[in-house]
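Visitor: structure-v2.txt is reproduced below (compact mmCIF, C-alpha atoms).
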```
# COMPACT_ATOMS: atom_id res chain seq x y z
CA MET A 1 180.59 92.57 172.17
CA ALA A 2 180.95 94.63 175.30
CA LEU A 3 184.53 93.40 175.65
CA PHE A 4 185.42 94.58 172.15
CA ASP A 5 183.80 97.95 172.82
CA LYS A 6 185.83 98.33 176.00
CA LEU A 7 189.05 97.36 174.17
CA SER A 8 188.24 99.82 171.38
CA ASP A 9 187.58 102.63 173.88
CA PHE A 10 190.78 101.74 175.74
CA ALA A 11 192.86 101.81 172.53
CA LYS A 12 191.27 105.14 171.50
CA ASN A 13 192.01 106.57 174.96
CA ILE A 14 195.69 105.45 174.73
CA GLY A 15 195.92 106.93 171.22
CA ASP A 16 194.52 110.24 172.45
CA LYS A 17 196.95 110.31 175.40
CA THR A 18 199.89 109.47 173.10
CA SER A 19 198.86 112.21 170.70
CA ASP A 20 198.54 114.66 173.60
CA ALA A 21 201.97 113.64 174.90
CA ILE A 22 203.54 114.18 171.49
CA GLU A 23 201.87 117.57 171.09
CA THR A 24 202.88 118.58 174.63
CA GLY A 25 206.46 117.51 173.92
CA LYS A 26 206.56 119.61 170.76
CA LEU A 27 205.19 122.62 172.60
CA GLN A 28 207.67 122.16 175.47
CA SER A 29 210.48 122.07 172.93
CA LYS A 30 209.18 125.32 171.41
CA VAL A 31 209.00 126.90 174.89
CA ASN A 32 212.62 125.94 175.59
CA SER A 33 213.77 127.13 172.17
CA GLU A 34 212.05 130.50 172.55
CA LYS A 35 213.48 130.96 176.05
CA ASN A 36 216.98 130.19 174.74
CA LEU A 37 216.56 132.71 171.92
CA ALA A 38 215.36 135.34 174.41
CA GLY A 39 218.39 134.57 176.59
CA GLU A 40 220.70 135.12 173.62
CA LYS A 41 219.09 138.51 172.98
CA LEU A 42 219.49 139.48 176.64
CA LYS A 43 223.09 138.38 176.48
CA LYS A 44 223.64 140.75 173.56
CA ILE A 45 222.09 143.58 175.57
CA GLY A 46 224.49 142.83 178.41
CA GLU A 47 227.47 142.73 176.05
CA PHE A 48 226.37 146.07 174.59
CA TYR A 49 226.30 147.75 178.00
CA TYR A 50 229.54 146.10 179.08
CA ASN A 51 231.36 147.32 175.94
CA ALA A 52 229.85 150.78 176.40
CA TRP A 53 231.19 150.83 179.98
CA LEU A 54 234.64 149.70 178.77
CA ASN A 55 234.62 152.54 176.23
CA GLY A 56 233.94 155.05 179.00
CA ASP A 57 230.30 155.70 178.17
CA GLU A 58 228.03 156.72 181.02
CA ILE A 59 225.64 153.98 182.09
CA ALA A 60 223.01 153.50 184.80
CA PRO A 61 224.34 152.80 188.33
CA GLU A 62 222.60 149.41 188.41
CA VAL A 63 224.38 148.37 185.22
CA LEU A 64 227.68 149.85 186.43
CA GLU A 65 227.71 147.47 189.40
CA ILE A 66 227.13 144.46 187.14
CA CYS A 67 229.81 145.60 184.67
CA THR A 68 232.35 146.02 187.47
CA ALA A 69 231.57 142.54 188.77
CA ALA A 70 231.83 141.08 185.25
CA LYS A 71 235.23 142.74 184.76
CA ALA A 72 236.45 141.23 188.04
CA HIS A 73 235.40 137.80 186.74
CA TYR A 74 237.16 138.40 183.40
CA ASP A 75 240.31 139.48 185.27
CA ALA A 76 240.18 136.37 187.48
CA ALA A 77 239.72 134.20 184.39
CA GLY A 78 242.72 135.90 182.76
CA GLU A 79 244.89 135.22 185.81
CA ALA A 80 243.79 131.60 185.90
CA GLN A 81 244.54 131.23 182.16
CA ALA A 82 248.01 132.72 182.71
CA GLU A 83 248.63 130.17 185.46
CA ILE A 84 247.45 127.35 183.14
CA ASP A 85 249.84 128.59 180.44
CA ARG A 86 252.72 128.73 182.95
CA ILE A 87 252.03 125.19 184.18
CA ARG A 88 251.80 123.86 180.63
CA ALA A 89 255.08 125.55 179.69
CA GLU A 90 256.81 124.05 182.74
CA ASN A 91 255.42 120.60 181.92
CA GLU A 92 256.53 120.85 178.29
CA ALA A 93 260.02 121.94 179.38
CA ALA A 94 260.20 119.02 181.81
CA ARG A 95 259.06 116.57 179.12
CA ALA A 96 261.64 117.98 176.68
CA ALA A 97 264.39 117.68 179.29
CA ALA A 98 263.36 114.12 180.10
CA ALA A 99 263.30 113.20 176.41
CA ALA A 100 266.77 114.65 175.74
CA PRO A 101 269.24 111.85 175.13
CA VAL A 102 271.79 111.24 177.86
CA VAL A 103 275.25 110.63 176.44
CA PRO A 104 277.44 108.73 178.88
CA ALA A 105 281.09 109.81 179.14
CA THR A 106 283.62 107.24 178.01
CA SER A 107 286.47 106.31 180.31
CA ASP A 108 289.21 107.12 177.77
CA ALA A 109 288.01 110.69 177.05
CA PRO A 110 287.47 113.54 179.51
CA ALA A 111 283.83 114.33 180.35
CA GLY A 112 282.44 117.44 178.69
CA ILE A 113 284.17 119.72 176.21
CA VAL A 114 287.92 120.33 176.13
CA CYS A 115 288.90 123.99 175.75
CA THR A 116 290.89 124.63 172.55
CA ALA A 117 292.75 127.52 174.22
CA CYS A 118 293.98 125.93 177.48
CA GLY A 119 293.08 122.24 177.23
CA THR A 120 290.87 122.19 180.35
CA ALA A 121 288.04 119.63 180.40
CA ASN A 122 284.75 121.38 181.18
CA ASN A 123 281.42 120.00 182.38
CA PRO A 124 278.95 118.91 179.68
CA GLY A 125 276.69 121.76 178.56
CA THR A 126 279.20 124.48 179.55
CA LYS A 127 279.47 127.30 177.01
CA PHE A 128 282.63 129.00 178.33
CA CYS A 129 285.80 127.48 179.76
CA CYS A 130 285.86 127.38 183.54
CA ASN A 131 289.65 127.99 183.53
CA CYS A 132 290.27 130.74 180.93
CA GLY A 133 286.78 131.97 179.91
CA ASN A 134 287.25 131.04 176.25
CA LYS A 135 284.04 130.27 174.32
CA LEU A 136 283.82 126.51 173.94
CA GLU A 137 283.13 124.93 170.57
CA ILE A 138 280.62 122.12 170.74
CA PRO A 139 281.81 119.33 168.41
CA ALA A 140 279.39 118.41 165.64
CA PRO A 141 278.02 114.86 165.74
CA PRO A 142 279.56 112.55 163.14
CA GLU A 143 277.80 112.30 159.78
CA PRO A 144 275.70 109.11 159.54
CA ARG A 145 276.61 106.57 156.88
CA LEU A 146 273.89 106.31 154.25
CA CYS A 147 273.20 103.55 151.78
CA PRO A 148 274.13 104.70 148.25
CA ASN A 149 271.16 102.80 146.85
CA CYS A 150 268.17 103.50 149.15
CA GLY A 151 269.48 106.20 151.54
CA ALA A 152 268.87 104.20 154.74
CA THR A 153 271.19 104.84 157.70
CA ILE A 154 273.88 102.17 158.07
CA ALA A 155 275.41 101.40 161.47
CA ASP A 156 279.20 101.39 161.87
CA GLY A 157 280.83 98.06 161.03
CA MET A 158 278.02 96.96 158.70
CA ARG A 159 279.14 95.97 155.18
CA PHE A 160 275.66 95.61 153.67
CA CYS A 161 272.51 97.76 153.89
CA GLY A 162 269.91 96.25 156.19
CA GLU A 163 267.08 97.70 154.06
CA CYS A 164 268.03 96.79 150.50
CA GLY A 165 271.11 94.51 150.82
CA THR A 166 273.45 96.75 148.82
CA LYS A 167 277.17 96.35 149.62
CA THR A 168 278.36 99.57 151.28
CA GLU A 169 282.16 99.14 151.25
```
Mind converting the file's structure to structure tokens?
Guide:
Amino acid sequence: MALFDKLSDFAKNIGDKTSDAIETGKLQSKVNSEKNLAGEKLKKIGEFYYNAWLNGDEIAPEVLEICTAAKAHYDAAGEAQAEIDRIRAENEAARAAAAAPVVPATSDAPAGIVCTACGTANNPGTKFCCNCGNKLEIPAPPEPRLCPNCGATIADGMRFCGECGTKTE
């Protein structure tokens, strides 16, 4: 019987310790929660004084020093954000340029756009003639052939639609 008594006492002791651990955990959670709530209230106090300083209100010298330091941090963050925006814009422009289709020049046609005024062949992408200064007209791409039945694009030389089989000629 002494063994069963010892086991019973041991189990009761473990149960008490587990209960204490659970209660302590709950209380620690409450401590952390209350500290976080207090921190939020203090943050609001700081924001109040900072906004008052920005509006030109007179504040205590101790608070003035903190507000000035906070503004320096906000300014540094703004500069860093501007740099991030610049880098992103450059990267997007580079990606767009890399994704732009490259059209190779054919051997039987001059490269670039031919000026309608003087007939000079200009480099691709040029907006004004390099010989006479005339504004160059960029030719429109040819209209794609569409299937009369389903509207799918049909490649040149094809007599039937690859999507629905309709005869196109």
Visitor: Interatomic distance between atom CA of Thr168 of chain A and atom CA of Cys147 of chain A?
Guide: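 Straight-line distance from atom CA of Thr168 of chain A to atom CA of Cys147 of chain A works out to 6.5 Å.
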Visitor: So, with only C-alpha atoms as the atoms that count, which of A:Pro144, A:Ile22, A:Phe48, A:Ala98 lies closest to Asp156 of chain A?
Guide: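 Nearest candidate to Asp156 of chain A out of A:Pro144, A:Ile22, A:Phe48, A:Ala98: A:Pro144.
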Visitor: What's the separation between atom CA of Val63 of chain A and atom CA of Val31 of chain A, in Å to one decimal place?
Guide: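 So the two atoms, atom CA of Val63 of chain A and atom CA of Val31 of chain A, lie 28.4 Å apart.
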Visitor: As an exercise, work out the distance from atom CA of Ile138 of chain A to atom CA of Ala97 of chain A in Å and give it to one decimal place.
Guide: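 Interatomic distance, atom CA of Ile138 of chain A to atom CA of Ala97 of chain A: 18.9 Å.
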Visitor: Applying 12 Å and all atoms listed in the file, which residues near Ala152 of chain A remain after dropping the ones on its own chain fewer than 5 positions away? List them as a list in words.
Guide: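 Once the adjacent positions are removed, what remains is Pro144, Arg145, Leu146, Cys147, Phe160, Cys161, Gly162, Glu163, Cys164, Gly165, Thr166 and Thr168 of chain A.
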Visitor: Report as number ranges by chain all protein, DNA and RNA residues lying within 12 Å of Glu143 of chain A, evaluated on all atoms listed in the file, omitting residues in the same chain fewer than 6 positions from it.
Guide: A: 153-156
Visitor: List as a VMD selection string the protein and nucleic acid residues near Lys71 of chain A, meaning an atom at most 12 Å away when all atoms listed in the file are counted, but skip any in the same chain fewer than 6 places from it.
Guide: chain A and resid 47 50 to 51 53 to 54 64 to 65 77 to 78
